[in-house]
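Participant: Have a peek at coords_6.csv (CSV, C-alpha atoms and all ligand atoms).
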chain,number,residue,atom,x,y,z
G,328,MET,CA,29.3,16.2,-5.9
G,329,SER,CA,28.3,17.2,-2.4
G,330,ARG,CA,29.1,14.9,0.5
G,331,ASN,CA,25.4,14.1,0.9
G,332,ALA,CA,24.9,13.3,-2.8
G,333,ALA,CA,27.5,10.5,-2.5
G,334,PHE,CA,25.2,8.7,-0.1
G,335,LYS,CA,22.1,8.9,-2.3
G,336,LEU,CA,21.7,5.5,-3.9
G,337,ASP,CA,19.9,6.9,-6.9
G,338,ALA,CA,23.1,8.8,-7.9
G,339,TRP,CA,25.0,5.5,-8.1
G,340,PRO,CA,25.4,3.3,-11.1
G,341,LEU,CA,22.4,0.8,-11.1
G,342,ALA,CA,24.7,-2.2,-11.5
G,343,LEU,CA,26.6,-1.2,-8.4
G,344,VAL,CA,23.4,-0.7,-6.4
G,345,ARG,CA,22.2,-4.2,-7.4
G,346,ARG,CA,25.5,-5.7,-6.2
G,347,LEU,CA,25.2,-3.9,-2.9
G,348,LEU,CA,21.5,-4.6,-2.3
G,349,PRO,CA,21.0,-8.1,-3.6
G,350,CYS,CA,17.4,-8.8,-4.4
G,351,SER,CA,16.2,-12.4,-4.2
G,352,CYS,CA,13.0,-14.3,-5.1
G,353,ALA,CA,10.8,-14.6,-2.0
G,354,LEU,CA,10.0,-18.2,-3.0
G,355,CYS,CA,13.2,-19.8,-4.2
G,356,GLY,CA,15.8,-17.3,-3.0
G,357,GLY,CA,17.3,-17.0,-6.5
G,358,ALA,CA,18.9,-13.7,-7.4
G,359,GLY,CA,17.0,-11.4,-9.6
G,360,GLU,CA,15.3,-8.0,-9.7
G,361,ALA,CA,11.7,-9.2,-9.2
G,362,ALA,CA,10.2,-9.8,-5.7
G,363,VAL,CA,9.3,-13.2,-7.0
G,364,CYS,CA,11.1,-14.7,-10.0
G,365,ALA,CA,9.1,-15.4,-13.2
G,366,PRO,CA,9.5,-19.2,-13.1
G,367,CYS,CA,8.2,-19.3,-9.5
G,368,ALA,CA,5.3,-16.9,-10.4
G,369,ALA,CA,4.4,-19.2,-13.3
G,370,HIS,CA,4.7,-22.3,-11.2
G,371,TYR,CA,2.8,-21.2,-8.1
G,372,LEU,CA,0.2,-18.9,-9.6
G,373,GLY,CA,-0.5,-20.6,-12.9
G,374,GLY,CA,-2.7,-23.6,-13.3
G,375,ALA,CA,-5.1,-22.7,-10.5
G,376,GLY,CA,-8.4,-24.6,-10.7
G,377,ALA,CA,-11.8,-23.1,-11.0
G,378,ARG,CA,-13.2,-21.1,-8.1
G,379,CYS,CA,-16.7,-20.3,-6.9
G,380,ARG,CA,-17.3,-16.8,-8.3
G,381,CYS,CA,-19.0,-15.8,-5.1
G,382,CYS,CA,-16.6,-17.0,-2.3
G,383,GLY,CA,-13.5,-18.0,-4.2
G,384,ASN,CA,-13.3,-21.5,-2.9
G,385,PRO,CA,-12.3,-24.3,-5.3
G,386,VAL,CA,-15.1,-25.9,-7.4
G,387,SER,CA,-15.1,-28.3,-10.3
G,388,ARG,CA,-14.9,-26.6,-13.7
G,389,ALA,CA,-18.5,-27.6,-14.5
G,390,ASP,CA,-19.7,-25.6,-11.4
G,391,ALA,CA,-17.6,-22.6,-12.0
G,392,LEU,CA,-20.4,-20.4,-13.3
G,393,THR,CA,-22.8,-21.1,-10.4
G,394,PRO,CA,-22.2,-20.3,-6.8
G,395,CYS,CA,-20.9,-23.3,-4.7
G,396,ALA,CA,-23.2,-25.3,-2.4
G,397,ALA,CA,-22.2,-23.2,0.6
G,398,CYS,CA,-23.0,-19.9,-1.1
G,399,GLN,CA,-26.3,-21.2,-2.4
G,400,THR,CA,-27.3,-22.3,1.2
G,401,GLU,CA,-26.3,-19.0,2.8
G,402,ARG,CA,-25.6,-16.2,0.3
G,403,PRO,CA,-22.7,-14.1,1.7
G,404,SER,CA,-23.0,-10.3,1.8
G,405,TYR,CA,-20.3,-9.9,-0.9
G,406,ASP,CA,-21.2,-10.7,-4.5
G,407,ALA,CA,-17.9,-11.9,-5.9
G,408,THR,CA,-14.4,-13.0,-4.9
G,409,ILE,CA,-11.2,-13.0,-6.9
G,410,ALA,CA,-8.3,-14.9,-5.3
G,411,ALA,CA,-4.9,-15.1,-7.0
G,412,ALA,CA,-3.6,-18.1,-5.2
G,413,ASP,CA,-4.4,-20.7,-2.5
G,414,TYR,CA,-3.1,-19.8,0.9
G,415,ALA,CA,-0.7,-22.8,1.1
G,416,ALA,CA,3.0,-23.4,1.1
G,417,PRO,CA,5.1,-21.9,-0.3
G,418,ILE,CA,2.7,-19.0,-1.3
G,419,ASP,CA,1.9,-18.4,2.4
G,420,GLY,CA,5.5,-17.4,2.8
G,421,VAL,CA,5.0,-14.4,0.6
G,422,VAL,CA,2.2,-13.2,2.9
G,423,LEU,CA,4.2,-13.9,6.0
G,424,GLN,CA,7.2,-12.0,4.7
G,425,LEU,CA,5.0,-9.1,3.7
G,426,LYS,CA,3.0,-9.0,6.9
G,427,PHE,CA,5.4,-10.0,9.6
G,428,GLY,CA,8.8,-9.4,7.8
G,429,GLY,CA,7.8,-6.0,6.5
G,430,VAL,CA,9.0,-6.9,3.0
G,431,LEU,CA,6.8,-4.3,1.4
G,432,ALA,CA,8.3,-4.9,-2.0
G,433,LEU,CA,6.1,-8.0,-2.1
G,434,ALA,CA,2.9,-5.9,-2.0
G,435,PRO,CA,3.0,-4.7,-5.7
G,436,TRP,CA,3.8,-8.3,-6.7
G,437,CYS,CA,0.6,-9.5,-4.9
G,438,ALA,CA,-1.3,-6.7,-6.6
G,439,GLY,CA,0.0,-7.8,-10.0
G,440,ALA,CA,-1.1,-11.4,-9.2
G,441,ILE,CA,-4.6,-10.2,-8.3
G,442,ARG,CA,-4.8,-8.2,-11.5
G,443,THR,CA,-3.8,-11.2,-13.5
G,444,ALA,CA,-6.5,-13.3,-11.7
G,445,ILE,CA,-9.1,-10.6,-12.6
G,446,LEU,CA,-8.2,-10.6,-16.2
G,447,ALA,CA,-8.3,-14.4,-16.3
G,448,GLN,CA,-11.9,-14.4,-15.2
G,449,SER,CA,-14.2,-13.7,-18.1
G,450,GLY,CA,-17.1,-11.4,-17.4
G,451,PHE,CA,-15.8,-10.1,-14.0
G,452,GLU,CA,-17.4,-6.8,-13.3
G,453,LEU,CA,-14.8,-4.3,-12.1
G,454,PRO,CA,-15.6,-2.3,-9.0
G,455,ASN,CA,-15.6,1.5,-9.3
G,456,LEU,CA,-13.9,2.1,-6.0
G,457,LEU,CA,-11.3,0.1,-4.0
G,458,CYS,CA,-10.7,0.1,-0.2
G,459,PRO,CA,-8.5,-2.1,2.0
G,460,VAL,CA,-9.8,-4.1,5.0
G,461,PRO,CA,-8.9,-1.6,7.7
G,462,LEU,CA,-6.7,-2.6,10.6
G,463,GLY,CA,-7.6,-1.5,14.1
G,464,PRO,CA,-5.4,1.4,15.5
G,465,GLY,CA,-3.7,-1.0,18.0
G,466,ARG,CA,-2.6,-3.4,15.3
G,467,LEU,CA,-1.6,-0.6,12.9
G,468,ALA,CA,0.6,1.0,15.5
G,469,GLU,CA,2.2,-2.4,16.3
G,470,ARG,CA,2.9,-3.3,12.7
G,471,GLY,CA,3.5,0.1,11.3
G,472,PHE,CA,1.6,-0.5,8.1
G,473,ASN,CA,-1.6,-2.1,6.8
G,474,GLN,CA,-0.6,-4.9,4.3
G,475,ALA,CA,-4.1,-4.7,2.7
G,476,LEU,CA,-3.5,-1.0,1.9
G,477,GLU,CA,0.0,-1.7,0.6
G,478,ILE,CA,-1.6,-4.2,-1.9
G,479,ALA,CA,-4.5,-1.9,-2.7
G,480,ARG,CA,-2.3,1.1,-3.7
G,481,PRO,CA,-0.5,-0.6,-6.6
G,482,LEU,CA,-3.7,-2.5,-7.5
G,483,SER,CA,-5.6,0.8,-7.8
G,484,LEU,CA,-2.9,2.1,-10.2
G,485,ALA,CA,-2.8,-1.2,-12.2
G,486,LEU,CA,-6.6,-1.3,-12.6
G,487,GLY,CA,-7.2,2.5,-12.9
G,488,ILE,CA,-9.8,2.3,-10.1
G,489,PRO,CA,-9.7,5.0,-7.4
G,490,LEU,CA,-8.7,3.9,-3.9
G,491,LYS,CA,-10.2,5.3,-0.8
G,492,ALA,CA,-8.0,4.1,2.0
G,493,ARG,CA,-10.4,5.2,4.8
G,494,LEU,CA,-13.7,4.3,3.2
G,495,ALA,CA,-14.4,2.0,6.2
G,496,ILE,CA,-13.0,2.3,9.6
G,497,ARG,CA,-12.8,-0.1,12.5
G,498,ALA,CA,-15.3,0.7,15.1
G,499,LEU,CA,-13.9,-2.0,17.4
G,500,ASP,CA,-10.4,-3.2,17.9
G,501,THR,CA,-11.2,-6.9,17.7
G,502,ARG,CA,-8.9,-9.7,18.5
G,503,ALA,CA,-7.0,-11.1,15.5
G,504,GLN,CA,-9.2,-13.6,13.7
G,505,SER,CA,-6.3,-16.1,13.6
G,506,SER,CA,-6.2,-16.1,17.5
G,507,VAL,CA,-9.9,-16.9,17.8
G,508,ALA,CA,-11.5,-20.3,17.5
G,509,PRO,CA,-13.1,-20.9,14.1
G,510,ASP,CA,-16.7,-21.0,15.6
G,511,GLU,CA,-16.1,-17.7,17.4
G,512,ARG,CA,-14.8,-15.8,14.4
G,513,LYS,CA,-18.2,-14.6,13.2
G,514,ARG,CA,-19.0,-13.2,16.6
G,515,ASN,CA,-15.6,-11.7,17.1
G,516,ILE,CA,-15.8,-9.5,14.0
G,517,ARG,CA,-19.5,-8.6,14.3
G,518,ASN,CA,-20.2,-4.8,14.1
G,519,ALA,CA,-16.4,-4.2,13.8
G,520,PHE,CA,-16.7,-1.7,10.9
G,521,ILE,CA,-18.5,1.5,10.0
G,522,VAL,CA,-18.4,3.6,6.9
G,523,ALA,CA,-16.4,6.7,7.5
G,524,PRO,CA,-18.7,9.7,8.0
G,525,ASP,CA,-17.1,11.6,5.1
G,526,ALA,CA,-17.5,8.7,2.7
G,527,LEU,CA,-21.2,8.0,2.9
G,528,ASP,CA,-21.8,9.5,-0.6
G,529,LEU,CA,-19.0,7.4,-2.0
G,530,VAL,CA,-20.7,4.1,-1.0
G,531,ARG,CA,-24.3,4.6,-2.0
G,532,GLY,CA,-25.1,2.8,-5.2
G,533,GLN,CA,-21.5,1.9,-5.9
G,534,HIS,CA,-19.6,-1.3,-6.6
G,535,ILE,CA,-16.9,-1.5,-3.9
G,536,GLY,CA,-13.8,-3.7,-4.3
G,537,ILE,CA,-12.4,-4.8,-0.9
G,538,VAL,CA,-8.7,-5.6,-1.0
G,539,ASP,CA,-7.1,-8.0,1.5
G,540,ASP,CA,-4.0,-10.2,1.7
G,541,VAL,CA,-5.7,-13.4,2.8
G,542,MET,CA,-9.2,-14.6,3.0
G,543,THR,CA,-9.6,-17.4,5.5
G,544,SER,CA,-13.1,-18.0,6.9
G,545,GLY,CA,-14.4,-15.0,5.0
G,546,HIS,CA,-16.2,-13.6,8.1
G,547,THR,CA,-14.2,-10.4,8.1
G,548,LEU,CA,-14.9,-9.7,4.4
G,549,ASN,CA,-18.5,-10.7,4.9
G,550,GLU,CA,-18.9,-8.4,7.8
G,551,LEU,CA,-17.3,-5.5,5.9
G,552,ALA,CA,-19.4,-6.2,2.8
G,553,GLY,CA,-22.5,-6.3,4.9
G,554,THR,CA,-21.6,-2.9,6.4
G,555,PHE,CA,-21.2,-1.5,2.9
G,556,LYS,CA,-24.5,-3.0,1.8
G,557,ARG,CA,-26.3,-1.5,4.8
G,558,PHE,CA,-24.8,1.9,3.8
G,559,GLY,CA,-26.3,1.4,0.3
G,560,ALA,CA,-23.5,-0.2,-1.8
G,561,ALA,CA,-25.0,-1.8,-4.9
G,562,ARG,CA,-22.3,-4.6,-5.1
G,563,VAL,CA,-19.2,-5.7,-3.3
G,564,SER,CA,-16.3,-7.8,-4.6
G,565,ASN,CA,-13.4,-9.2,-2.7
G,566,LEU,CA,-10.0,-8.9,-4.3
G,567,VAL,CA,-7.6,-11.0,-2.3
G,568,PHE,CA,-4.2,-12.3,-2.9
G,569,ALA,CA,-4.6,-15.7,-1.2
G,570,ARG,CA,-7.6,-17.8,-0.2
G,571,THR,CA,-7.3,-20.5,2.5
G,572,PRO,CA,-8.7,-23.7,1.0
G,573,PRO,CA,-11.5,-25.3,3.0
G,574,HIS,CA,-10.5,-28.2,5.3
G,601,ZN,ZN,11.9,-17.9,-7.6
G,602,ZN,ZN,-19.0,-20.2,-2.9
Rewrite the structure from the file as structure tokens, please.
Ligand SMILES: [Zn+2]
Ligand SMILES: [Zn+2]
Facilitator:
Amino acid sequence: MSRNAAFKLDAWPLALVRRLLPCSCALCGGAGEAAVCAPCAAHYLGGAGARCRCCGNPVSRADALTPCAACQTERPSYDATIAAADYAAPIDGVVLQLKFGGVLALAPWCAGAIRTAILAQSGFELPNLLCPVPLGPGRLAERGFNQALEIARPLSLALGIPLKARLAIRALDTRAQSSVAPDERKRNIRNAFIVAPDALDLVRGQHIGIVDDVMTSGHTLNELAGTFKRFGAARVSNLVFARTPPH
């Protein structure tokens, strides 16, 4: 064995690697191989109530097939939303660890949760192309990765739907929506996106699935969906890991 080979972890016995690199559940801290252990996944993802098929907000079971009152009053630019979980403790910790802690191993787990939520919704029409919500160049340079793209990659594989990472691009480097007052968010994100010039033919007449980690006010997804619609998309669905419940 060469000297370098001795330092390649994949040449080591798996049991030894596990001892050296302990993996723990992001929610309970218990040891295990999965990013989130099975009991935590079942506890925090299972049993979610019905959601509005359009915006993903909670509705009573009886209303689940019709858009919620807010969506009936003002129809969003997107047509459907799948959310795997509410953005609330302790699930928000998964997003924070992924986004700000750089625990990229959580992204495939989030993708798996979105896939499960898709399969659980009867009659959900699958998109024919996926794209992540793009980050502005400033934020991408700061963070080093786009968490939405990290989730979109394994989701694309799991669903067998092609991914176009640069289908949309940021035309404006807007302030983070979380740093803007709620009543300013719509304006902050307006005209923030364009369809990439080399992707115009990919959008026309297609059903685009926009992937993101968290949907809060929905303004960002609405703006991006509106952009796709202006460029001829037939349908837009949001595929998000967590949805912030309304106040
Ligand atoms: Zn756990
Ligand atoms: Zn709704």
Participant: Neighbouring residues of G:Tyr414 were defined as those with any atom within 7 Å, considering all atoms listed in the file; residues of the same chain fewer than 3 positions away were excluded. Please report them as a PyMOL selection string.
Facilitator: chain G and resi 418-419+569-572
Participant: If you count only C-alpha atoms and all ligand atoms, which residues end up within 10 Å of ligand ZN 602 (chain G), as a ChimeraX atom specification?
Facilitator: /G:378-386,391,393-403,406-408
Participant: Would you name the residues within 9 Å of ligand ZN 601 (chain G), counting all atoms listed in the file, and put them as an mmCIF file with C-alpha atoms, keeping the file's coordinate frame?
Facilitator:
data_model
loop_
_atom_site.group_PDB
_atom_site.id
_atom_site.type_symbol
_atom_site.label_atom_id
_atom_site.label_comp_id
_atom_site.auth_asym_id
_atom_site.auth_seq_id
_atom_site.Cartn_x
_atom_site.Cartn_y
_atom_site.Cartn_z
ATOM 1 C CA SER G 351 16.200 -12.400 -4.200
ATOM 2 C CA CYS G 352 13.000 -14.300 -5.100
ATOM 3 C CA ALA G 353 10.800 -14.600 -2.000
ATOM 4 C CA LEU G 354 10.000 -18.200 -3.000
ATOM 5 C CA CYS G 355 13.200 -19.800 -4.200
ATOM 6 C CA GLY G 356 15.800 -17.300 -3.000
ATOM 7 C CA GLY G 357 17.300 -17.000 -6.500
ATOM 8 C CA ALA G 358 18.900 -13.700 -7.400
ATOM 9 C CA GLY G 359 17.000 -11.400 -9.600
ATOM 10 C CA ALA G 361 11.700 -9.200 -9.200
ATOM 11 C CA ALA G 362 10.200 -9.800 -5.700
ATOM 12 C CA VAL G 363 9.300 -13.200 -7.000
ATOM 13 C CA CYS G 364 11.100 -14.700 -10.000
ATOM 14 C CA ALA G 365 9.100 -15.400 -13.200
ATOM 15 C CA PRO G 366 9.500 -19.200 -13.100
ATOM 16 C CA CYS G 367 8.200 -19.300 -9.500
ATOM 17 C CA ALA G 368 5.300 -16.900 -10.400
#
Participant: In Å, how far is it from atom CA of G:Ala498 to atom CA of G:Ile521?
Facilitator: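 Going from atom CA of G:Ala498 over to atom CA of G:Ile521 covers 6.1 Å.
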Participant: Return the single residue from G:Thr543, G:Thr501, G:Gln533, G:Ser564 that is closest to G:Pro464, with distances computed using all atoms listed in the file.
Facilitator: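 Nearest to G:Pro464: G:Thr501.
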Participant: With all atoms listed in the file as the basis for distance, which of G:Ala492, G:Tyr405, G:Asp500, G:Arg470 is at the shortest distance from G:Gly429?
Facilitator: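 Selected residue with least distance to G:Gly429: G:Arg470.
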Participant: Excluding G:Lys556 and its own-chain neighbours fewer than 4 positions away, which residues fall within 10 Å of it when counting only C-alpha atoms? Please give them as a PyMOL selection string.
Facilitator: chain G and resi 404-405+530-535+550-552+560-563
Participant: Find the residues around G:Gly450 up to 12 Å (all atoms listed in the file counted), leave out those fewer than 3 positions away in its own chain, and share them as a VMD selection string.
Facilitator: chain G and resid 380 392 407 445 to 447 453
Participant: Measuring atom to atom with all atoms listed in the file, identify which of G:Thr547, G:Val421, G:Gly553, G:Ala434 is nearest to G:Asn473.
Facilitator: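 Checking each candidate against G:Asn473, we get G:Ala434 as the closest.
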Participant: Using all atoms listed in the file, which of G:Arg557, G:Ile478, G:Val507, G:Leu494 sits nearest G:Val422?
Facilitator: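 Of all the options, G:Ile478 lies closest to G:Val422.
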Participant: Quick one: distance from atom CA of G:Pro461 to atom CA of G:Gly420 in Å, one decimal?
Facilitator: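 A separation of 21.9 Å between them.
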Participant: How many Å separate atom CA of G:Phe558 from atom CA of G:Gln504?
Facilitator: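 These atoms are spaced 24.1 Å apart.
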Participant: If the box runs along x, y and z of the file and leaves 5 Å on each side of stretch 398-404 of chain G, what are its centre and edge lengths in Å, one decimal, as AutoDock Vina command-line options?
Facilitator:
--center_x -25.0 --center_y -16.3 --center_z 0.2 --size_x 14.6 --size_y 22.0 --size_z 15.2
Participant: Ranking G:His546, G:Arg497, G:Arg388, G:Arg502 by minimum distance to G:Val522 and counting all atoms listed in the file, which one comes first?
Facilitator: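 The closest residue to G:Val522 is G:Arg497.
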Participant: Scan for residues within 10 Å of the point (0.5, -5.4, -8.2) in the coordinates of the file, using all atoms listed in the file, and reply as a ChimeraX atom specification.
Facilitator: /G:432-443,477-486,568
